[in-house]
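J.: Take a look at upload.cif, mmCIF, C-alpha atoms:
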data_data
loop_
_atom_site.label_atom_id
_atom_site.label_comp_id
_atom_site.auth_asym_id
_atom_site.auth_seq_id
_atom_site.Cartn_x
_atom_site.Cartn_y
_atom_site.Cartn_z
CA MET D 1 101.49 -141.81 37.66
CA LYS D 2 101.02 -143.96 40.76
CA LYS D 3 99.74 -142.18 43.84
CA ALA D 4 100.87 -142.76 47.41
CA LEU D 5 99.62 -141.38 50.69
CA ILE D 6 102.11 -141.19 53.55
CA LEU D 7 100.14 -141.40 56.76
CA ASP D 8 100.96 -138.24 58.66
CA TYR D 9 100.63 -139.45 62.25
CA LYS D 10 103.49 -137.31 63.55
CA ILE D 11 106.05 -140.08 63.41
CA GLY D 12 109.51 -139.54 61.88
CA ASN D 13 111.17 -140.38 58.54
CA ILE D 14 108.34 -138.89 56.46
CA THR D 15 110.81 -136.90 54.39
CA SER D 16 113.05 -139.79 53.41
CA VAL D 17 110.06 -142.03 52.64
CA GLY D 18 108.59 -139.28 50.46
CA THR D 19 111.83 -138.87 48.55
CA PHE D 20 112.05 -142.64 48.08
CA LEU D 21 108.52 -142.89 46.70
CA ARG D 22 108.94 -139.93 44.36
CA GLU D 23 112.14 -141.41 43.01
CA ASN D 24 110.16 -144.55 42.25
CA GLY D 25 107.56 -142.74 40.21
CA TYR D 26 104.87 -141.88 42.75
CA SER D 27 103.09 -138.65 43.31
CA VAL D 28 103.11 -138.33 47.07
CA THR D 29 100.77 -136.64 49.49
CA LEU D 30 100.79 -136.46 53.27
CA GLY D 31 97.55 -136.90 55.12
CA CYS D 32 95.49 -138.69 57.73
CA GLU D 33 91.87 -138.01 56.82
CA THR D 34 89.59 -141.03 56.51
CA THR D 35 88.69 -140.27 52.90
CA GLU D 36 92.36 -139.98 51.98
CA ILE D 37 93.11 -143.31 53.63
CA LYS D 38 90.17 -144.96 51.93
CA ASN D 39 91.06 -143.73 48.44
CA ALA D 40 94.86 -143.98 48.46
CA GLU D 41 96.32 -146.26 45.81
CA LEU D 42 99.21 -147.03 48.17
CA LEU D 43 99.25 -146.13 51.86
CA VAL D 44 102.58 -146.01 53.69
CA LEU D 45 102.87 -145.96 57.48
CA PRO D 46 106.34 -144.59 58.15
CA GLY D 47 107.86 -144.83 61.57
CA VAL D 48 110.70 -143.82 63.76
CA GLY D 49 109.71 -143.19 67.36
CA SER D 50 107.85 -144.85 70.19
CA PHE D 51 104.94 -147.29 69.98
CA LYS D 52 102.95 -145.25 72.50
CA MET D 53 103.29 -142.07 70.47
CA ALA D 54 102.16 -143.87 67.33
CA ALA D 55 99.22 -145.60 69.06
CA ASP D 56 98.07 -142.37 70.73
CA ASN D 57 98.25 -140.43 67.48
CA LEU D 58 96.18 -143.02 65.60
CA GLN D 59 93.63 -142.89 68.39
CA ASP D 60 93.52 -139.09 68.43
CA LYS D 61 93.05 -138.88 64.69
CA LYS D 62 90.18 -141.41 64.79
CA ILE D 63 91.47 -143.39 61.82
CA ILE D 64 91.80 -146.87 63.31
CA HIS D 65 88.57 -148.14 61.80
CA GLU D 66 89.51 -146.84 58.37
CA LEU D 67 92.95 -148.45 58.51
CA LYS D 68 91.40 -151.81 59.42
CA SER D 69 88.83 -151.46 56.64
CA ARG D 70 91.59 -150.81 54.19
CA HIS D 71 93.20 -154.09 55.16
CA LEU D 72 89.92 -155.99 54.85
CA ASN D 73 89.42 -154.47 51.41
CA ASN D 74 92.87 -155.73 50.38
CA LYS D 75 94.31 -152.34 49.47
CA ALA D 76 98.05 -151.82 49.12
CA THR D 77 99.52 -150.80 52.48
CA LEU D 78 103.14 -150.74 53.64
CA GLY D 79 104.24 -150.32 57.28
CA ILE D 80 107.91 -149.50 57.79
CA CYS D 81 109.70 -150.25 61.09
CA LEU D 82 107.47 -148.70 63.78
CA GLY D 83 104.83 -148.51 61.04
CA PHE D 84 105.05 -152.32 60.96
CA GLN D 85 105.03 -152.70 64.75
CA ILE D 86 101.86 -150.63 65.06
CA LEU D 87 100.13 -153.21 62.81
CA THR D 88 100.58 -155.81 65.60
CA LYS D 89 98.32 -156.10 68.65
CA THR D 90 100.55 -154.74 71.41
CA SER D 91 104.15 -153.86 72.23
CA SER D 92 106.15 -154.50 75.39
CA GLU D 93 107.57 -151.01 74.81
CA SER D 94 104.21 -149.61 75.95
CA PRO D 95 102.02 -152.37 77.40
CA ASP D 96 99.04 -150.07 77.95
CA SER D 97 98.83 -149.02 74.29
CA ASN D 98 97.02 -150.98 71.58
CA GLY D 99 98.23 -151.48 68.05
CA LEU D 100 95.92 -152.04 65.10
CA GLY D 101 95.97 -155.84 65.49
CA ILE D 102 95.97 -156.37 61.73
CA PHE D 103 98.82 -158.85 62.23
CA ASN D 104 98.02 -161.54 64.77
CA GLY D 105 101.07 -161.12 66.98
CA THR D 106 102.88 -158.84 69.38
CA THR D 107 105.99 -156.64 69.42
CA THR D 108 108.71 -157.20 72.03
CA ARG D 109 112.25 -156.03 72.80
CA LEU D 110 114.77 -157.80 70.58
CA LYS D 111 116.69 -160.64 72.20
CA GLU D 112 119.89 -158.99 70.97
CA PHE D 113 118.75 -155.56 72.33
CA SER D 114 119.01 -153.87 68.93
CA ARG D 115 119.82 -154.61 65.32
CA ILE D 116 121.67 -152.02 63.28
CA GLY D 117 123.02 -152.69 59.82
CA TRP D 118 122.41 -154.66 56.67
CA GLY D 119 120.87 -158.09 56.19
CA LYS D 120 119.35 -160.32 53.54
CA LEU D 121 115.79 -161.63 53.65
CA ILE D 122 115.05 -165.32 54.07
CA PHE D 123 111.47 -165.96 52.94
CA ASN D 124 109.16 -168.83 53.84
CA GLN D 125 108.68 -169.31 50.12
CA LYS D 126 110.85 -169.02 47.05
CA ILE D 127 111.43 -165.38 46.11
CA ASN D 128 114.38 -165.44 43.73
CA SER D 129 114.35 -161.82 42.70
CA LEU D 130 115.27 -160.55 46.19
CA LYS D 131 117.62 -163.25 47.44
CA ASP D 132 120.87 -161.38 46.77
CA HIS D 133 119.75 -158.03 48.12
CA TYR D 134 120.73 -156.46 51.43
CA PHE D 135 118.35 -154.22 53.38
CA TYR D 136 119.03 -151.71 56.14
CA PHE D 137 117.75 -152.47 59.65
CA ASN D 138 117.75 -150.13 62.64
CA HIS D 139 115.48 -151.11 65.52
CA SER D 140 115.35 -152.46 69.06
CA TYR D 141 111.83 -153.94 69.02
CA GLY D 142 110.36 -156.54 66.71
CA SER D 143 107.81 -159.31 66.41
CA TYR D 144 108.64 -162.98 66.82
CA ASP D 145 105.19 -164.52 67.05
CA ILE D 146 103.34 -163.63 63.83
CA ILE D 147 103.08 -166.97 62.06
CA ASP D 148 99.66 -167.19 60.44
CA THR D 149 100.30 -165.00 57.42
CA SER D 150 100.64 -165.73 53.73
CA MET D 151 104.24 -164.65 53.53
CA ARG D 152 107.00 -164.03 56.03
CA ALA D 153 110.74 -163.43 56.01
CA CYS D 154 113.41 -163.29 58.66
CA SER D 155 116.92 -161.94 58.25
CA GLY D 156 120.28 -163.51 58.93
CA GLN D 157 120.46 -165.40 62.20
CA SER D 158 117.72 -163.34 63.83
CA ASP D 159 114.38 -165.09 64.11
CA TYR D 160 112.04 -162.10 64.41
CA ASN D 161 109.88 -161.17 61.44
CA ALA D 162 111.74 -158.91 59.02
CA LEU D 163 108.73 -158.93 56.70
CA VAL D 164 105.13 -160.03 57.09
CA ALA D 165 102.43 -160.01 54.43
CA SER D 166 98.74 -160.46 55.07
CA GLY D 167 96.87 -159.92 51.83
CA SER D 168 98.00 -156.55 50.51
CA THR D 169 99.13 -155.28 53.90
CA ILE D 170 102.91 -155.55 54.20
CA GLY D 171 105.01 -154.85 57.29
CA VAL D 172 108.77 -154.54 56.99
CA GLN D 173 111.15 -154.09 59.88
CA PHE D 174 113.88 -152.79 57.59
CA HIS D 175 114.00 -149.41 55.84
CA PRO D 176 113.56 -149.73 52.05
CA GLU D 177 113.97 -145.96 51.79
CA ARG D 178 117.52 -146.28 53.13
CA SER D 179 118.46 -149.50 51.37
CA GLN D 180 119.86 -147.84 48.25
CA LYS D 181 119.19 -149.76 45.01
CA SER D 182 117.83 -152.75 46.91
CA GLY D 183 115.06 -150.58 48.33
CA ASN D 184 113.97 -149.62 44.82
CA LYS D 185 114.07 -153.24 43.75
CA PHE D 186 111.96 -154.23 46.74
CA LEU D 187 109.28 -151.65 45.96
CA LYS D 188 109.12 -152.77 42.32
CA TRP D 189 108.72 -156.35 43.53
CA LEU D 190 105.84 -155.38 45.84
CA GLU D 191 104.14 -153.50 43.01
CA SER D 192 104.33 -156.32 40.52
CA GLU D 193 104.17 -159.48 42.64
CA VAL D 194 102.08 -158.50 45.66
CA TRP D 195 99.96 -155.45 44.94
CA GLY D 196 99.52 -155.59 41.20
CA LEU D 197 100.02 -151.85 40.86
CA ASN D 198 100.71 -150.59 37.37
CA ASP D 199 102.07 -147.28 36.13
CA MET G 1 124.99 -159.11 61.60
CA ILE G 2 127.46 -158.45 58.84
CA LYS G 3 130.09 -155.79 59.46
CA ARG G 4 129.83 -152.32 58.01
CA ILE G 5 132.10 -149.79 56.38
CA ALA G 6 130.92 -146.27 57.12
CA ALA G 7 132.09 -142.83 56.11
CA THR G 8 132.71 -140.00 58.54
CA LEU G 9 132.12 -136.60 56.95
CA ILE G 10 133.22 -133.62 58.99
CA LEU G 11 131.43 -130.45 58.01
CA ASP G 12 132.40 -126.87 58.55
CA SER G 13 130.17 -124.21 57.00
CA ASN G 14 128.68 -126.78 54.63
CA GLN G 15 132.16 -127.72 53.36
CA ILE G 16 133.69 -131.11 54.05
CA ILE G 17 137.02 -130.87 55.79
CA ASN G 18 139.88 -133.17 56.71
CA ALA G 19 140.60 -133.23 60.43
CA TYR G 20 143.84 -134.05 62.22
CA ASN G 21 143.93 -134.69 65.96
CA PHE G 22 140.51 -133.03 66.16
CA GLU G 23 142.20 -129.70 65.58
CA VAL G 24 143.67 -128.90 62.17
CA HIS G 25 141.03 -128.60 59.49
CA LEU G 26 141.65 -128.57 55.76
CA PRO G 27 138.81 -128.03 53.28
CA VAL G 28 138.05 -130.88 50.88
CA GLY G 29 134.95 -129.87 48.94
CA LYS G 30 131.20 -129.67 48.78
CA LEU G 31 129.02 -132.13 50.62
CA LYS G 32 126.84 -132.83 47.61
CA TYR G 33 129.53 -134.40 45.44
CA THR G 34 130.92 -136.51 48.25
CA LEU G 35 127.48 -137.83 49.15
CA GLU G 36 126.77 -138.69 45.53
CA ARG G 37 130.07 -140.51 45.21
CA LEU G 38 129.70 -142.43 48.46
CA GLN G 39 126.18 -143.49 47.60
CA GLU G 40 127.21 -144.61 44.14
CA PHE G 41 129.97 -146.72 45.70
CA GLU G 42 127.45 -148.14 48.21
CA VAL G 43 129.06 -147.13 51.46
CA ASP G 44 127.06 -148.76 54.27
CA GLU G 45 126.26 -145.58 56.16
CA ILE G 46 127.32 -141.96 56.45
CA ASN G 47 128.09 -140.23 59.74
CA ILE G 48 127.99 -136.45 59.46
CA LEU G 49 129.71 -134.46 62.20
CA ASN G 50 128.94 -130.78 61.90
CA THR G 51 131.61 -128.69 63.60
CA SER G 52 130.18 -125.40 62.40
CA HIS G 53 127.09 -125.45 64.53
CA SER G 54 125.74 -122.10 65.46
CA ASN G 55 123.50 -121.83 68.46
CA SER G 56 120.71 -123.56 66.59
CA VAL G 57 120.66 -127.19 65.56
CA VAL G 58 117.41 -126.39 63.76
CA ASN G 59 119.06 -123.76 61.55
CA ASP G 60 122.10 -125.93 60.86
CA LEU G 61 120.05 -128.93 59.98
CA ASP G 62 117.25 -127.41 57.95
CA LYS G 63 119.45 -126.34 55.07
CA LEU G 64 121.53 -129.48 55.22
CA LEU G 65 118.56 -131.83 55.12
CA GLU G 66 116.84 -129.84 52.44
CA ASP G 67 119.94 -130.41 50.34
CA ILE G 68 120.19 -134.07 51.27
CA ASN G 69 116.59 -134.69 50.32
CA ASN G 70 117.03 -132.83 47.06
CA TRP G 71 120.00 -135.05 46.28
CA HIS G 72 118.00 -138.24 46.87
CA VAL G 73 120.31 -139.77 49.44
CA SER G 74 119.12 -143.30 50.16
CA THR G 75 122.04 -144.26 52.38
CA PRO G 76 121.55 -144.49 56.17
CA LEU G 77 122.56 -141.23 57.82
CA ALA G 78 123.65 -140.23 61.29
CA TYR G 79 124.08 -136.60 62.32
CA GLY G 80 125.93 -134.98 65.18
CA GLY G 81 126.96 -131.48 66.13
CA GLY G 82 125.47 -129.19 68.71
CA ILE G 83 122.87 -131.62 69.99
CA SER G 84 122.49 -130.55 73.58
CA THR G 85 118.77 -130.95 74.36
CA LEU G 86 116.10 -133.57 73.90
CA THR G 87 114.37 -131.21 71.50
CA ASP G 88 117.50 -131.07 69.32
CA ALA G 89 117.74 -134.85 69.21
CA VAL G 90 114.05 -135.32 68.37
CA TYR G 91 114.32 -132.66 65.68
CA VAL G 92 117.21 -134.48 64.01
CA ILE G 93 115.28 -137.76 63.85
CA LYS G 94 112.07 -136.12 62.69
CA SER G 95 114.05 -134.44 59.93
CA GLY G 96 114.70 -137.83 58.37
CA VAL G 97 118.07 -138.86 59.78
CA GLU G 98 118.22 -142.40 61.19
CA ARG G 99 120.52 -141.75 64.13
CA VAL G 100 121.82 -138.90 66.24
CA ILE G 101 125.46 -138.72 67.26
CA ILE G 102 125.62 -137.68 70.91
CA SER G 103 128.80 -136.07 72.20
CA ALA G 104 130.49 -136.91 75.49
CA ASN G 105 129.42 -133.51 76.77
CA THR G 106 125.75 -134.39 76.39
CA PHE G 107 126.37 -137.91 77.72
CA PHE G 108 127.75 -136.50 80.97
CA ASP G 109 124.33 -135.01 81.62
CA PHE G 110 123.21 -138.58 82.14
CA ASP G 111 119.54 -137.78 82.83
CA LEU G 112 119.39 -136.00 79.48
CA PHE G 113 121.17 -138.87 77.74
CA SER G 114 118.70 -141.35 79.29
CA ASP G 115 115.77 -139.19 78.19
CA ILE G 116 117.04 -139.10 74.62
CA CYS G 117 117.48 -142.89 74.60
CA ARG G 118 114.02 -143.45 76.06
CA THR G 119 112.34 -141.07 73.61
CA LEU G 120 114.07 -142.11 70.41
CA GLY G 121 115.01 -145.68 71.24
CA ASP G 122 118.58 -146.82 71.92
CA GLN G 123 119.06 -147.87 68.31
CA ALA G 124 118.77 -144.25 67.20
CA ILE G 125 121.82 -143.20 69.24
CA ILE G 126 125.53 -143.20 68.48
CA LEU G 127 127.59 -142.13 71.47
CA HIS G 128 130.80 -140.51 70.26
CA LEU G 129 133.73 -141.01 72.60
CA PRO G 130 137.04 -139.43 71.58
CA ILE G 131 139.66 -141.08 73.78
CA GLU G 132 142.95 -139.61 74.91
CA PHE G 133 145.80 -141.55 76.45
CA LYS G 134 147.65 -138.94 78.45
CA GLY G 135 149.36 -140.05 81.60
CA GLY G 136 147.97 -143.51 82.24
CA SER G 137 144.27 -144.25 82.21
CA PRO G 138 142.38 -143.29 79.05
CA SER G 139 140.02 -140.35 79.42
CA ILE G 140 137.52 -138.48 77.27
CA ARG G 141 139.05 -135.69 75.17
CA GLY G 142 138.50 -132.35 76.85
CA TYR G 143 137.58 -134.00 80.16
CA SER G 144 140.80 -135.22 81.72
CA ASN G 145 138.90 -136.08 84.90
CA LYS G 146 136.41 -138.29 83.06
CA LEU G 147 137.97 -141.69 82.68
CA LEU G 148 136.80 -144.20 80.12
CA SER G 149 136.21 -146.63 82.96
CA ASP G 150 133.74 -144.14 84.52
CA VAL G 151 131.87 -143.83 81.24
CA ASN G 152 131.79 -147.58 80.88
CA ALA G 153 130.22 -147.95 84.30
CA LEU G 154 127.37 -145.63 83.31
CA ILE G 155 126.34 -147.41 80.11
CA PRO G 156 123.91 -150.28 80.78
CA ILE G 157 125.07 -153.64 79.45
CA ASN G 158 121.79 -154.06 77.54
CA TRP G 159 122.01 -150.61 75.95
CA GLY G 160 121.10 -150.98 72.28
CA GLY G 161 122.91 -148.01 70.76
CA GLU G 162 126.40 -147.94 69.26
CA ILE G 163 129.60 -146.31 70.51
CA MET G 164 131.86 -144.50 68.08
CA LEU G 165 135.30 -144.83 69.59
CA THR G 166 137.96 -142.49 68.23
CA ILE G 167 141.54 -142.62 69.45
CA VAL G 168 142.41 -138.92 69.30
CA GLU G 169 146.10 -139.32 68.57
CA SER G 170 145.25 -141.44 65.49
CA ASP G 171 142.73 -138.98 64.11
CA GLY G 172 143.73 -137.99 60.59
CA LYS G 173 146.72 -140.33 60.60
CA LYS G 174 147.27 -143.22 58.24
CA PHE G 175 147.34 -145.95 60.87
CA PRO G 176 145.35 -146.81 63.98
CA ASN G 177 146.98 -147.24 67.38
CA TRP G 178 146.19 -150.88 68.09
CA GLN G 179 147.59 -150.78 71.61
CA ASN G 180 145.23 -147.97 72.57
CA ILE G 181 142.28 -149.53 70.77
CA GLY G 182 142.91 -152.79 72.60
CA ASP G 183 143.12 -151.01 75.95
CA ALA G 184 139.92 -149.04 75.34
CA LEU G 185 137.95 -152.09 74.17
CA GLY G 186 139.31 -154.02 77.13
CA ILE G 187 137.97 -151.43 79.55
CA MET G 188 134.59 -151.64 77.83
CA ALA G 189 134.66 -155.42 77.52
CA GLY G 190 130.97 -155.77 78.39
CA HIS G 191 129.91 -153.89 75.25
CA SER G 192 129.94 -155.23 71.71
CA ASN G 193 128.59 -152.42 69.63
CA PHE G 194 131.55 -150.29 68.58
CA ILE G 195 132.18 -148.18 65.53
CA LEU G 196 135.93 -147.64 65.37
CA ALA G 197 137.22 -144.39 63.89
CA GLY G 198 140.56 -142.64 63.64
CA GLY G 199 143.54 -143.68 61.53
CA PHE G 200 141.85 -146.23 59.28
CA ALA G 201 143.43 -145.70 55.88
CA ASP G 202 144.55 -149.15 54.81
CA PHE G 203 142.46 -152.18 53.96
CA LYS G 204 144.57 -154.41 56.22
CA ASP G 205 143.84 -152.20 59.22
CA ILE G 206 140.16 -151.95 58.27
CA SER G 207 140.01 -155.71 57.97
CA ALA G 208 141.79 -156.15 61.32
CA GLY G 209 139.39 -153.72 63.01
CA LEU G 210 136.32 -155.44 61.61
CA SER G 211 137.67 -158.81 62.77
CA LEU G 212 137.34 -157.73 66.41
CA ASP G 213 134.28 -159.28 68.06
CA GLN G 214 133.23 -156.04 69.77
CA VAL G 215 133.35 -154.02 66.55
CA SER G 216 130.35 -153.71 64.23
CA ALA G 217 131.70 -151.03 61.88
CA ILE G 218 134.71 -148.98 60.86
CA SER G 219 134.09 -145.35 60.00
CA ILE G 220 136.60 -143.91 57.58
CA GLY G 221 137.32 -140.20 57.35
CA ASN G 222 140.14 -138.47 55.54
CA TYR G 223 141.20 -141.48 53.51
CA LEU G 224 137.93 -141.38 51.58
CA HIS G 225 138.82 -137.98 50.22
CA ARG G 226 142.34 -138.94 49.20
CA VAL G 227 141.65 -142.10 47.24
CA GLU G 228 139.22 -142.39 44.35
CA HIS G 229 136.94 -145.47 44.51
CA SER G 230 138.17 -146.13 48.04
CA ILE G 231 135.01 -147.86 49.30
CA ILE G 232 134.81 -150.18 46.29
CA GLU G 233 138.49 -150.96 46.58
CA ILE G 234 138.32 -151.68 50.31
CA LYS G 235 135.31 -153.95 49.93
CA GLN G 236 136.97 -155.85 47.10
CA LYS G 237 140.07 -156.45 49.17
CA ILE G 238 138.44 -157.57 52.40
CA LYS G 239 135.36 -159.45 51.19
CA SER G 240 137.06 -162.84 51.28
CA SER G 241 137.99 -162.54 54.94
CA ILE G 242 135.21 -160.40 56.46
CA GLN G 243 131.47 -160.78 56.02
CA ILE G 244 130.39 -157.48 54.53
CA ARG G 245 127.70 -156.22 52.18
CA ARG G 246 128.87 -156.36 48.60
#
Spell out the structure here as structure tokens.

T.:
Amino acid sequence: MKKALILDYKIGNITSVGTFLRENGYSVTLGCETTEIKNAELLVLPGVGSFKMAADNLQDKKIIHELKSRHLNNKATLGICLGFQILTKTSSESPDSNGLGIFNGTTTRLKEFSRIGWGKLIFNQKINSLKDHYFYFNHSYGSYDIIDTSMRACSGQSDYNALVASGSTIGVQFHPERSQKSGNKFLKWLESEVWGLND
Amino acid sequence: MIKRIAATLILDSNQIINAYNFEVHLPVGKLKYTLERLQEFEVDEINILNTSHSNSVVNDLDKLLEDINNWHVSTPLAYGGGISTLTDAVYVIKSGVERVIISANTFFDFDLFSDICRTLGDQAIILHLPIEFKGGSPSIRGYSNKLLSDVNALIPINWGGEIMLTIVESDGKKFPNWQNIGDALGIMAGHSNFILAGGFADFKDISAGLSLDQVSAISIGNYLHRVEHSIIEIKQKIKSSIQIRR
């Protein structure tokens, strides 16, 4: 059975992400110790809340170095919504707080103030298996300026990054755990095409 | 953004009920089966309004969310009912629900409303405004001295949440009151983030509602419980004229 660690940094939607992962065949644990982060087969950074709260909690738990090491060691990591934003350098939501800077870009308020609802992904490369799927978005901040990554996707007419991949670190602005069957399909795609995780 | 078809589920003591004019309640069945059915039919989101709240949002929600998580609901959820403090609102979001539905009563404590928006982010808020048209200018149900125009003036133009607008006299009926909807949307012309609810029971009306520029979603209540496969049927009938998820 595949094993996932949900980073417990006191940010919301842990329960729904846990249910989603279990339904997709993972044994799931919650944690934030450095050894857990280092050894996790898949690490998920969930997120509903404020950038400042997330940044402060990562700082307090003294896990920033370990999270960056994980990226450098190309280990499977998924940031969802705020969990994606915290992978950028900074956010205009809280200019005095620092993100992890794993993605070379910043988070700002959306031009359209917020985006709530369903959208398809438009990749910068051909990804046929996901082209007909809709994913659920619910956010008012996002990143427009991450461009130097191996894979990116935007959604609909919005030009912020809906997905960014840098090695095995993936940030998604949508919620796969609330995207019904498309969320499951997306996770399977990550496992087989990006992370190379096997049952 | 494509338009959405949502479900409104009104709960009373963990039973789903039909509501008429916000007053008469008739039991429909257990939440579990309705959630399963709606998810299978790929409704775009589910708005749960709990009318049975005790004095504790925590108590009401704990059991409900335990059930929802056991049932593997992967559809976006919003929850309202008894949310009267920032702590309540934060608790709802931390419990795994995407959005909180804030009542007019809580909105009128505008400092509290602003705090909730600042803490959770605008996108996590649905402001529920039940509108009555008694004697001229539309007002908020239960607050005859609170006019819709006053509410409109308080909401910042760049607010990123959504407004669930229910015309009270259409609630539980089989047709919306287009005159009243038009008047209400006209008063709030600066906003374009409405979920319309109340009286939507026919695909032509649903289609007409979704065609309005200010409207992002229609939330359907009683009709869902009367007609088998209603979501699938509605989507089939309107997909050629409205951009929806299908």

J.: Evaluate the PyMOL selection byres ((chain G and resi 71) around 10) here and jot the selected residues down as a list of chain:residue names.

T.: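 Output from the PyMOL selection byres ((chain G and resi 71) around 10), applied to this file: D:Thr19, G:Lys32, G:Tyr33, G:Leu35, G:Glu36, G:Leu65, G:Glu66, G:Asp67, G:Ile68, G:Asn69, G:Asn70, G:His72, G:Val73, G:Ser74.
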
J.: Can you build me a table of region 110-157 of chain G residues sitting at most 9 Å from region 184-207 of chain G, with the closest atom pair per residue and its distance in Å to one decimal, using only C-alpha atoms, sorted by chain and residue number, as a tab-separated table?

T.:
residue	atom	partner	partner_atom	distance
G:Ile126	CA	G:Ile195	CA	8.8
G:Ile131	CA	G:Ala184	CA	8.1
G:Pro138	CA	G:Ala184	CA	7.3
G:Leu148	CA	G:Ile187	CA	7.3
G:Ser149	CA	G:Ile187	CA	6.1
G:Val151	CA	G:Met188	CA	8.9
G:Asn152	CA	G:Met188	CA	5.8
G:Ala153	CA	G:Met188	CA	8.6
G:Ile155	CA	G:His191	CA	8.9
G:Pro156	CA	G:His191	CA	8.9
G:Ile157	CA	G:Gly190	CA	6.4

J.: Looking at all atoms listed in the file, which of G:Thr85, G:Ser52, G:Thr8, G:Asn21 is the one that sits closest to Phe113 (chain G)?

T.: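 The answer is G:Thr85, which sits nearest to Phe113 (chain G).
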
J.: Which is closer to chain D than all the others in G:Ser170, G:Asn158, G:Asn222, G:Ser240, using only C-alpha atoms?

T.: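 Nearest to chain D: G:Asn158.
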
J.: Which residues would end up in the selection if the PyMOL selection byres ((chain D) within 6 of (chain G)) were applied here, given that I need the answer as a list in words?

T.: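 The output of the PyMOL selection byres ((chain D) within 6 of (chain G)) on this file is Gly12, Asn13, Thr15, Ser16, Gly49, Phe113, Ser114, His139, Ser140, Arg178 and Gln180 of chain D.
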
J.: Quick one: apply the PyMOL selection byres ((chain G and resi 22) around 9) to the file and drop the selected residues here as a PDB file with C-alpha atoms, in the frame of the given file.

T.:
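Here's the written file part-v4.pdb:
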ATOM      1  CA  ALA G  19     140.600-133.230  60.430  1.00  0.00           C
ATOM      2  CA  TYR G  20     143.840-134.050  62.220  1.00  0.00           C
ATOM      3  CA  ASN G  21     143.930-134.690  65.960  1.00  0.00           C
ATOM      4  CA  GLU G  23     142.200-129.700  65.580  1.00  0.00           C
ATOM      5  CA  VAL G  24     143.670-128.900  62.170  1.00  0.00           C
ATOM      6  CA  HIS G  25     141.030-128.600  59.490  1.00  0.00           C
ATOM      7  CA  VAL G 168     142.410-138.920  69.300  1.00  0.00           C
ATOM      8  CA  GLU G 169     146.100-139.320  68.570  1.00  0.00           C
ATOM      9  CA  ASP G 171     142.730-138.980  64.110  1.00  0.00           C
ATOM     10  CA  GLY G 172     143.730-137.990  60.590  1.00  0.00           C
TER      11      GLY G 172
END

J.: Name the closest residue to Arg109 (chain D) among the candidates D:Thr149, D:Phe51, D:Asp60, D:Gly167; distances are taken between atoms, counting all atoms listed in the file.

T.: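 Closest to Arg109 (chain D) of all the choices is D:Phe51.
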
J.: Rounded to one decimal in Å, what is the spacing between CA of Asn98 (chain D) and CA of Gln59 (chain D)?

T.: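 That distance, rounded to one decimal, is 9.3 Å.
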
J.: Find the residue from G:Ile238, G:Leu147, G:Val28, G:Ile220 that sits nearest to Ala6 (chain G); use only C-alpha atoms when measuring.

T.: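 Closest candidate: G:Ile220.
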
J.: For region 107-110 of chain G, take all atoms listed in the file, fit an axis-aligned box around them, add 8 Å to each of the six sides, then output centre and edge lengths in Å rounded to one decimal, as AutoDock Vina command-line options.

T.:
--center_x 125.5 --center_y -136.8 --center_z 79.9 --size_x 20.5 --size_y 19.6 --size_z 20.4

J.: When you draw a straight line from CA of Lys63 (chain G) to CA of Ser13 (chain G), how long is it in Å?

T.: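 Distance reported for this atom pair: 11.1 Å.
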
J.: Just give me the gap between CA of Arg152 (chain D) and CA of Gln173 (chain D) in Å, one decimal is fine.

T.: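 Computing it gives 11.4 Å between the two atoms.
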
J.: Extract, using only C-alpha atoms, all DNA, RNA and protein residues at most 8 Å from Gly81 (chain G), discarding same-chain residues fewer than 2 positions from it, and format them as a list of chain:residue names.

T.: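 Residues near the query, excluding close chain neighbours: G:Leu49, G:Asn50, G:Thr51, G:Ser52, G:His53, G:Val57, G:Tyr79, G:Ile83, G:Ile101, G:Ile102, G:Ser103.
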